[in-house]
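start.csv (CSV, C-alpha atoms and all ligand atoms) appears below.
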```csv
chain,number,residue,atom,x,y,z
A,1,MET,CA,0.0,0.0,0.0
A,2,SER,CA,1.1,3.5,-0.8
A,3,GLY,CA,-0.8,6.6,0.3
A,4,SER,CA,1.7,9.4,0.6
A,5,GLY,CA,-1.1,11.9,0.5
A,6,GLY,CA,-1.5,11.6,-3.3
A,7,ARG,CA,-5.1,11.8,-4.4
A,8,LEU,CA,-7.1,11.7,-7.6
A,9,SER,CA,-10.3,13.6,-8.3
A,10,VAL,CA,-12.0,12.8,-11.5
A,11,VAL,CA,-14.5,15.4,-12.5
A,12,GLY,CA,-17.0,16.1,-15.3
A,13,THR,CA,-17.3,19.6,-16.7
A,14,GLY,CA,-20.6,19.1,-18.5
A,15,ILE,CA,-21.2,19.5,-22.2
A,16,ARG,CA,-21.7,23.3,-22.0
A,17,LEU,CA,-19.0,24.1,-19.5
A,18,ALA,CA,-19.9,27.7,-19.2
A,19,GLY,CA,-23.2,26.8,-17.6
A,20,GLN,CA,-22.7,23.2,-16.4
A,21,LEU,CA,-19.4,23.4,-14.3
A,22,THR,CA,-20.5,22.8,-10.8
A,23,VAL,CA,-19.3,24.7,-7.8
A,24,GLU,CA,-17.7,21.5,-6.4
A,25,THR,CA,-15.8,20.8,-9.7
A,26,ARG,CA,-14.6,24.4,-9.9
A,27,HIS,CA,-13.3,24.1,-6.4
A,28,LEU,CA,-11.5,20.8,-7.1
A,29,VAL,CA,-9.9,22.2,-10.2
A,30,ARG,CA,-8.7,25.3,-8.3
A,31,GLN,CA,-7.3,23.3,-5.3
A,32,ALA,CA,-5.5,20.6,-7.3
A,33,HIS,CA,-1.7,20.6,-7.6
A,34,ARG,CA,-2.1,19.6,-11.2
A,35,VAL,CA,-5.0,19.3,-13.7
A,36,PHE,CA,-5.3,17.1,-16.7
A,37,ALA,CA,-8.1,17.6,-19.1
A,38,VAL,CA,-10.0,16.1,-22.0
A,39,MET,CA,-12.2,18.9,-23.4
A,40,ALA,CA,-14.3,18.9,-26.5
A,41,ASP,CA,-13.4,22.5,-27.4
A,42,PRO,CA,-10.5,25.0,-26.8
A,43,PHE,CA,-12.8,27.5,-25.0
A,44,SER,CA,-13.4,25.0,-22.2
A,45,LEU,CA,-9.7,24.2,-21.8
A,46,GLY,CA,-9.1,28.0,-21.5
A,47,VAL,CA,-11.7,28.3,-18.7
A,48,LEU,CA,-10.0,25.5,-16.8
A,49,ARG,CA,-6.6,27.1,-17.3
A,50,ASP,CA,-7.9,30.4,-15.8
A,51,LEU,CA,-8.9,28.3,-12.7
A,52,ASN,CA,-5.5,26.5,-12.5
A,53,ALA,CA,-2.5,27.3,-14.7
A,54,ASN,CA,-0.9,24.0,-14.0
A,55,ILE,CA,-3.0,22.2,-16.6
A,56,ALA,CA,-2.2,19.8,-19.4
A,57,SER,CA,-4.4,18.3,-22.1
A,58,LEU,CA,-4.6,14.5,-22.2
A,59,GLN,CA,-5.6,14.8,-25.8
A,60,VAL,CA,-1.9,15.0,-26.8
A,61,HIS,CA,-1.9,11.2,-26.3
A,62,TYR,CA,-4.2,10.8,-29.2
A,63,SER,CA,-2.5,10.4,-32.5
A,64,LYS,CA,-3.9,9.4,-35.9
A,65,GLY,CA,-2.8,5.8,-36.5
A,66,ARG,CA,-2.2,5.1,-32.8
A,67,PRO,CA,-4.7,2.7,-31.4
A,68,ARG,CA,-7.0,4.4,-29.0
A,69,ASP,CA,-6.4,1.8,-26.3
A,70,GLU,CA,-2.7,2.7,-26.3
A,71,SER,CA,-3.6,6.4,-26.0
A,72,TYR,CA,-5.9,5.6,-23.0
A,73,GLU,CA,-3.0,3.7,-21.3
A,74,ARG,CA,-0.8,6.8,-21.7
A,75,MET,CA,-3.5,9.0,-20.3
A,76,VAL,CA,-3.9,6.7,-17.2
A,77,ASP,CA,-0.1,6.7,-16.7
A,78,ALA,CA,0.0,10.5,-17.0
A,79,MET,CA,-2.7,11.0,-14.4
A,80,LEU,CA,-1.2,8.5,-11.9
A,81,GLU,CA,2.4,9.5,-12.0
A,82,PRO,CA,2.0,12.8,-9.9
A,83,VAL,CA,-0.5,11.0,-7.6
A,84,ARG,CA,2.3,8.6,-6.7
A,85,LYS,CA,4.5,11.6,-5.9
A,86,GLY,CA,2.0,12.8,-3.4
A,87,GLU,CA,0.1,15.4,-5.5
A,88,HIS,CA,-3.6,16.0,-5.6
A,89,VAL,CA,-4.4,15.5,-9.3
A,90,CYS,CA,-7.7,16.6,-10.8
A,91,ALA,CA,-8.6,14.9,-14.1
A,92,ALA,CA,-11.4,16.8,-15.9
A,93,PHE,CA,-13.4,15.2,-18.7
A,94,TYR,CA,-16.1,16.9,-20.7
A,95,GLY,CA,-19.6,15.6,-20.0
A,96,HIS,CA,-19.9,13.0,-17.2
A,97,PRO,CA,-16.5,11.5,-16.5
A,98,GLY,CA,-17.9,8.1,-16.0
A,99,VAL,CA,-19.9,7.9,-19.3
A,100,PHE,CA,-17.8,6.3,-22.1
A,101,VAL,CA,-14.5,7.4,-20.5
A,102,TRP,CA,-12.4,4.2,-19.9
A,103,PRO,CA,-9.3,6.1,-18.8
A,104,ALA,CA,-11.3,7.9,-16.1
A,105,HIS,CA,-12.6,4.6,-14.6
A,106,GLU,CA,-9.2,2.9,-15.0
A,107,ALA,CA,-7.3,5.7,-13.3
A,108,ILE,CA,-9.6,5.4,-10.4
A,109,ARG,CA,-9.4,1.6,-10.2
A,110,ARG,CA,-5.6,1.7,-10.3
A,111,ALA,CA,-5.2,4.6,-7.9
A,112,ARG,CA,-7.4,2.8,-5.4
A,113,ALA,CA,-5.5,-0.5,-5.9
A,114,GLU,CA,-2.3,1.4,-5.1
A,115,GLY,CA,-3.8,2.7,-1.9
A,116,PHE,CA,-4.6,6.3,-2.9
A,117,GLU,CA,-7.8,8.1,-2.4
A,118,ALA,CA,-9.7,8.4,-5.7
A,119,THR,CA,-13.1,9.9,-6.3
A,120,MET,CA,-15.3,10.4,-9.3
A,121,TYR,CA,-17.6,13.5,-9.4
A,122,PRO,CA,-20.5,13.3,-11.9
A,123,GLY,CA,-21.2,15.9,-14.6
A,124,VAL,CA,-23.9,16.7,-17.1
A,125,SER,CA,-23.6,14.1,-19.9
A,126,ALA,CA,-24.6,14.4,-23.6
A,127,GLU,CA,-27.6,12.1,-22.7
A,128,ASP,CA,-28.7,14.5,-20.0
A,129,CYS,CA,-28.7,17.3,-22.6
A,130,LEU,CA,-30.6,15.1,-25.1
A,131,ILE,CA,-33.2,14.4,-22.5
A,132,ALA,CA,-33.7,18.1,-22.0
A,133,ASP,CA,-33.5,19.2,-25.7
A,134,LEU,CA,-35.7,16.4,-27.1
A,135,GLY,CA,-38.1,16.4,-24.2
A,136,ILE,CA,-37.8,12.8,-23.0
A,137,ASP,CA,-38.7,11.6,-19.6
A,138,PRO,CA,-37.2,8.2,-18.8
A,139,GLY,CA,-39.5,7.9,-15.8
A,140,VAL,CA,-42.4,7.8,-18.2
A,141,SER,CA,-41.0,6.1,-21.3
A,142,GLY,CA,-37.9,4.2,-20.0
A,143,LEU,CA,-34.7,4.6,-21.9
A,144,GLN,CA,-32.3,2.3,-23.8
A,145,THR,CA,-28.7,3.4,-24.3
A,146,TYR,CA,-25.8,1.7,-26.1
A,147,GLU,CA,-22.6,2.4,-27.8
A,148,ALA,CA,-23.4,2.2,-31.5
A,149,ALA,CA,-20.8,-0.4,-32.6
A,150,ASP,CA,-21.5,-2.5,-29.6
A,151,PHE,CA,-25.2,-2.4,-30.3
A,152,LEU,CA,-24.6,-3.3,-34.0
A,153,VAL,CA,-22.4,-6.3,-33.3
A,154,HIS,CA,-24.1,-7.8,-30.3
A,155,PRO,CA,-27.7,-9.0,-30.6
A,156,ARG,CA,-29.8,-7.1,-28.1
A,157,THR,CA,-33.4,-7.5,-27.1
A,158,ILE,CA,-34.6,-4.0,-27.7
A,159,ASP,CA,-38.1,-2.6,-27.1
A,160,ALA,CA,-39.2,-0.4,-30.0
A,161,ARG,CA,-41.8,1.3,-27.7
A,162,THR,CA,-39.0,2.7,-25.5
A,163,PRO,CA,-36.6,5.5,-26.7
A,164,LEU,CA,-33.2,4.3,-27.9
A,165,VAL,CA,-29.9,6.3,-27.7
A,166,LEU,CA,-26.9,5.2,-29.7
A,167,TRP,CA,-23.5,6.8,-28.9
A,168,GLN,CA,-20.3,7.3,-30.8
A,169,LEU,CA,-21.5,7.4,-34.5
A,170,ALA,CA,-18.2,9.1,-35.4
A,171,VAL,CA,-16.1,6.0,-34.8
A,172,LEU,CA,-18.7,3.5,-36.0
A,173,GLY,CA,-16.7,0.8,-38.0
A,174,ASP,CA,-13.3,2.1,-36.9
A,175,LEU,CA,-12.0,-1.4,-36.2
A,176,SER,CA,-8.4,-0.3,-35.9
A,177,ARG,CA,-9.6,2.1,-33.2
A,178,SER,CA,-7.2,4.6,-34.6
A,179,THR,CA,-8.9,6.7,-37.4
A,180,PHE,CA,-11.7,8.5,-35.7
A,181,GLU,CA,-13.9,8.1,-38.8
A,182,THR,CA,-17.3,6.5,-39.6
A,183,ASP,CA,-17.4,3.7,-42.1
A,184,PRO,CA,-20.6,4.3,-44.2
A,185,ALA,CA,-21.0,0.5,-44.7
A,186,TRP,CA,-21.4,0.2,-41.0
A,187,VAL,CA,-24.0,3.0,-40.9
A,188,ARG,CA,-26.1,1.1,-43.5
A,189,ALA,CA,-25.6,-2.1,-41.5
A,190,LEU,CA,-26.8,-0.3,-38.4
A,191,ALA,CA,-29.9,1.0,-40.2
A,192,LEU,CA,-30.6,-2.6,-41.4
A,193,VAL,CA,-30.4,-3.9,-37.8
A,194,LEU,CA,-32.7,-1.1,-36.6
A,195,ALA,CA,-35.1,-1.9,-39.5
A,196,GLU,CA,-35.7,-5.3,-37.8
A,197,SER,CA,-37.5,-3.4,-35.1
A,198,TYR,CA,-38.7,-0.2,-36.8
A,199,PRO,CA,-40.2,0.7,-40.2
A,200,ALA,CA,-37.5,1.7,-42.8
A,201,ASP,CA,-39.1,5.2,-42.9
A,202,HIS,CA,-39.1,5.6,-39.1
A,203,ARG,CA,-37.7,9.1,-38.5
A,204,VAL,CA,-34.5,9.1,-36.3
A,205,ILE,CA,-32.6,12.1,-35.1
A,206,VAL,CA,-28.9,12.8,-35.3
A,207,TYR,CA,-28.4,14.9,-32.2
A,208,GLU,CA,-25.5,17.2,-31.1
A,209,ALA,CA,-26.0,19.3,-28.0
A,210,ALA,CA,-24.8,22.9,-28.2
A,211,VAL,CA,-21.3,23.2,-26.6
A,212,GLY,CA,-20.5,26.9,-26.7
A,213,PRO,CA,-22.8,29.6,-25.4
A,214,PHE,CA,-23.5,30.8,-29.0
A,215,ASP,CA,-23.7,27.3,-30.6
A,216,ARG,CA,-27.0,25.8,-31.8
A,217,THR,CA,-28.2,22.3,-31.0
A,218,ARG,CA,-28.3,20.0,-34.0
A,219,ALA,CA,-31.3,17.7,-34.2
A,220,ASP,CA,-31.4,16.5,-37.8
A,221,GLU,CA,-34.3,14.2,-38.5
A,222,VAL,CA,-34.0,11.6,-41.3
A,223,PRO,CA,-35.8,8.4,-42.3
A,224,LEU,CA,-33.9,5.3,-41.0
A,225,ASP,CA,-33.1,4.1,-44.5
A,226,GLN,CA,-31.4,7.4,-45.3
A,227,LEU,CA,-29.3,7.7,-42.2
A,228,HIS,CA,-26.1,7.1,-44.3
A,229,ASP,CA,-26.7,10.4,-46.1
A,230,LEU,CA,-26.0,12.5,-43.0
A,231,GLU,CA,-22.6,13.6,-41.8
A,232,PHE,CA,-21.4,12.6,-38.3
A,233,THR,CA,-19.0,14.5,-36.1
A,234,GLN,CA,-17.3,13.5,-32.8
A,235,ALA,CA,-20.4,15.0,-31.1
A,236,SER,CA,-23.1,13.0,-33.0
A,237,THR,CA,-25.5,10.8,-31.0
A,238,LEU,CA,-28.4,8.9,-32.6
A,239,TYR,CA,-31.8,9.1,-31.1
A,240,VAL,CA,-34.4,6.6,-32.2
A,241,PRO,CA,-37.9,7.7,-31.0
A,242,PRO,CA,-40.3,5.0,-29.8
A,243,ILE,CA,-43.1,3.6,-31.8
A,244,GLY,CA,-46.2,4.0,-29.7
A,245,VAL,CA,-46.4,3.2,-26.0
A,246,PRO,CA,-46.3,-0.2,-24.2
A,247,GLU,CA,-49.5,-1.8,-23.1
A,248,ALA,CA,-50.0,-3.3,-19.7
A,249,ASP,CA,-50.0,-7.1,-19.5
A,250,GLU,CA,-53.5,-8.3,-18.6
A,251,ASN,CA,-52.2,-11.4,-16.7
A,252,ARG,CA,-49.9,-9.3,-14.5
A,253,LEU,CA,-52.7,-6.8,-13.7
A,254,ARG,CA,-55.0,-9.7,-12.7
A,255,ARG,CA,-52.2,-11.3,-10.6
A,256,LEU,CA,-52.1,-7.9,-8.7
A,257,GLY,CA,-55.8,-8.0,-8.2
A,258,LEU,CA,-56.4,-5.2,-10.7
A,259,ASP,CA,-59.1,-5.0,-13.4
A,260,PRO,CA,-57.3,-4.9,-16.7
A,261,THR,CA,-60.2,-3.2,-18.5
A,262,GLY,CA,-61.0,-0.8,-15.7
A,263,ARG,CA,-59.4,2.1,-13.9
A,264,ALA,CA,-56.0,0.5,-13.1
A,265,GLU,CA,-54.8,0.6,-16.7
A,266,ALA,CA,-56.3,4.0,-17.2
A,267,ALA,CA,-54.3,5.3,-14.2
A,268,PHE,CA,-51.1,4.0,-15.7
A,269,GLN,CA,-51.9,5.7,-19.0
A,270,LYS,CA,-52.6,9.0,-17.1
A,271,HIS,CA,-49.3,8.7,-15.4
A,272,ARG,CA,-47.6,8.3,-18.8
A,273,ARG,CA,-49.2,11.5,-20.0
A,274,THR,CA,-48.7,13.7,-17.0
A,275,SER,CA,-45.6,12.8,-15.1
A,301,LIG,C1,-16.2,9.4,-25.6
A,301,LIG,S1,-17.9,9.7,-25.5
A,301,LIG,C2,-17.9,10.9,-24.2
A,301,LIG,C3,-19.3,11.1,-23.5
A,301,LIG,C4,-19.2,12.2,-22.4
A,301,LIG,N1,-18.4,11.7,-21.3
A,301,LIG,C5,-20.6,12.5,-21.8
A,301,LIG,O1,-20.8,12.4,-20.6
A,301,LIG,O2,-21.5,12.9,-22.6
A,301,LIG,C6,-18.2,10.6,-26.9
A,301,LIG,C7,-19.6,10.5,-27.4
A,301,LIG,O3,-20.5,11.3,-26.6
A,301,LIG,C8,-21.5,11.8,-27.4
A,301,LIG,N2,-21.4,13.3,-27.4
A,301,LIG,C9,-20.3,14.0,-27.1
A,301,LIG,N3,-20.5,15.3,-27.2
A,301,LIG,C10,-21.8,15.4,-27.6
A,301,LIG,C11,-22.7,16.5,-27.9
A,301,LIG,N4,-22.2,17.8,-27.8
A,301,LIG,N5,-23.9,16.3,-28.3
A,301,LIG,C12,-24.4,15.0,-28.4
A,301,LIG,N6,-23.6,13.9,-28.1
A,301,LIG,C13,-22.4,14.1,-27.7
A,301,LIG,C14,-21.3,11.3,-28.9
A,301,LIG,O4,-22.1,10.1,-29.0
A,301,LIG,C15,-19.8,11.0,-28.8
A,301,LIG,O5,-19.5,10.0,-29.8
```
Show this structure as C-alpha cells.
Amino acid sequence: MSGSGGRLSVVGTGIRLAGQLTVETRHLVRQAHRVFAVMADPFSLGVLRDLNANIASLQVHYSKGRPRDESYERMVDAMLEPVRKGEHVCAAFYGHPGVFVWPAHEAIRRARAEGFEATMYPGVSAEDCLIADLGIDPGVSGLQTYEAADFLVHPRTIDARTPLVLWQLAVLGDLSRSTFETDPAWVRALALVLAESYPADHRVIVYEAAVGPFDRTRADEVPLDQLHDLEFTQASTLYVPPIGVPEADENRLRRLGLDPTGRAEAAFQKHRRTS
C-alpha cells in the first residue's frame, strides 16, 4: 500500500462548461496541484486554465494511427504519476467523466488499488442534454442506451416502444480504433439492424448538443433508410424515437388483483401523459 497523500479527483465539466461546471468541480480544479483535461473545445480548456494554470491536455496522447487503447493507457499513466509523488491530481473530462470514458474509470481503479484516495464526481452528460433538448422523460418512457458499434455487433433484445440512444457514431466501424472516422457501410448495417424493429421510414434524429454559449443544438431528422446520407461528427449521437407506448400485461394486472379493463390501466396511462 502507498498513500503518501497523493489523491485523484476525476470530475466532469458538463457539455456546456460555461453553464454546467458545478461549484464543487470548480473548487477541485482550483485546489489541485495539477490538472489534466479532455475537453471537446478550446474554450473549455481556457476556462479551466484560468482556474488552474498547471494544466495539461490529455488529448496530446491521441494520434492518428495510434490505437485508442494505447492512447488511453498513456492517459492513465500521466494521471497517476503525480499522484504517486503525493500530489492532488484533478482529471477533468467533458460531460460526465464516467460515461464512455475508460481512462477515467481505469485511473480510479488503479489509484485505489495502489492505496490512494480516488473519487469520481459526476457531470452533465450528452444524454442529459438530449433528454432536455428532445423532451424525453425516462421515468415515463424508459430509456435504452448503447454504444453504436457494440449495439450493432451484439444482438440485443430492444423494445421499439422505448426510446433508444446510440452513442459514438463518429467512430462506427473504426475497427483499428485509430482513425476517428465513420465507415458508411457500418451506418447502412446499423440501419438494417434497426429496421428489424422499426419501419424503414421511421424518423430518427442525429443529435448534437450545443457546446458553446452561442452554438446551436443539432437535431437532424431523417428516415432510417437514409441515415447514411448524414454527416457525423465527434459529437453525433443517434436518437431513435419509440413507436407508440407499451400496453399493460393483462395477466400481470390480474395477478395484482387489478381489473385490466378498468381504472387500473387508465391510471397507468394517465401517469404516462402527465408525469
Ligand atoms: C467518448 S464519449 C464521451 C461522452 C461524455 N463523457 C458524456 O458524458 O457525454 C463521446 C460520445 O459522446 C456523445 N457526445 C459527445 N458530445 C456530444 C454533444 N455535444 N452532443 C451529443 N452527443 C455528444 C457522442 O455520441 C460521442 O461520440
What do you get as a PyMOL selection string if you pick all residues at most 6 Å from ligand LIG 301 (chain A), counting only C-alpha atoms and all ligand atoms?
chain A and resi 15+94-97+99-101+125-126+167-170+207-211+234-237
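Residue nearest Thr145 of chain A, chosen from A:Val29, A:Leu166, A:Ile108, A:Val38 and counting all atoms listed in the file: A:Leu166.
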Set the distance at 12 Å and use all atoms listed in the file: which residues neighbour segment 113-118 of chain A once local chain neighbours fewer than 5 positions away are removed? I'd like the list as a ChimeraX atom specification.
/A:1-11,79-91,104-108
One-decimal distance in Å that lies between atom CA of Cys129 of chain A and atom CA of Glu196 of chain A:
28.1 Å
Name all residues at most 10 Å from Arg26 of chain A (count all atoms listed in the file; drop same-chain ones fewer than 5 positions away) and give them as a ChimeraX atom specification.
/A:11,13,21,31,48,51-52
Output of the above residues as a PDB file, in the frame of the given file, restricted to C-alpha atoms:
```pdb
ATOM      1  CA  VAL A  11     -14.500  15.400 -12.500  1.00  0.00           C
ATOM      2  CA  THR A  13     -17.300  19.600 -16.700  1.00  0.00           C
ATOM      3  CA  LEU A  21     -19.400  23.400 -14.300  1.00  0.00           C
ATOM      4  CA  GLN A  31      -7.300  23.300  -5.300  1.00  0.00           C
ATOM      5  CA  LEU A  48     -10.000  25.500 -16.800  1.00  0.00           C
ATOM      6  CA  LEU A  51      -8.900  28.300 -12.700  1.00  0.00           C
ATOM      7  CA  ASN A  52      -5.500  26.500 -12.500  1.00  0.00           C
TER       8      ASN A  52
END
```
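The shortest atom-to-atom distance to Gly12 of chain A, with only C-alpha atoms taken into account, belongs to A:Thr119 out of A:Thr233, A:Thr119, A:Gln59, A:Asn54.
Near His61 of chain A, within 9 Å and counting only C-alpha atoms, sit Arg66, Arg68, Glu70, Ser71, Tyr72, Arg74 and Met75 of chain A, not including residues fewer than 5 positions from it in the same chain.
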Limited to C-alpha atoms, could you put the picked residues into a file as an mmCIF file, keeping the file's coordinate frame?
```cif
data_model
loop_
_atom_site.group_PDB
_atom_site.id
_atom_site.type_symbol
_atom_site.label_atom_id
_atom_site.label_comp_id
_atom_site.auth_asym_id
_atom_site.auth_seq_id
_atom_site.Cartn_x
_atom_site.Cartn_y
_atom_site.Cartn_z
ATOM 1 C CA ARG A 66 -2.200 5.100 -32.800
ATOM 2 C CA ARG A 68 -7.000 4.400 -29.000
ATOM 3 C CA GLU A 70 -2.700 2.700 -26.300
ATOM 4 C CA SER A 71 -3.600 6.400 -26.000
ATOM 5 C CA TYR A 72 -5.900 5.600 -23.000
ATOM 6 C CA ARG A 74 -0.800 6.800 -21.700
ATOM 7 C CA MET A 75 -3.500 9.000 -20.300
#
```
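The two atoms in question, atom CA of Arg156 of chain A and atom CA of Pro67 of chain A, are spaced 27.1 Å apart.
Across the structure, atom CA of Pro122 of chain A and atom CA of Arg16 of chain A are spaced 14.3 Å apart.
Residue nearest Leu58 of chain A, chosen from A:Pro103, A:Val245, A:Leu194, A:Leu28 and counting all atoms listed in the file: A:Pro103.
Shortest separation to Leu164 of chain A among A:Tyr62, A:Asp183, A:Leu143, A:Glu247 occurs at residue A:Leu143, atoms counted being only C-alpha atoms.
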Skip Ala185 of chain A itself and residues of its chain fewer than 5 positions away, then list as a list in words all residues within 9 Å of it, counting only C-alpha atoms.
Gly173, Leu190 and His228 of chain A
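Each of A:Pro163, A:His202, A:Leu152, A:Ala92 was compared to Val187 of chain A using only C-alpha atoms, and A:Leu152 turns out to be the nearest.
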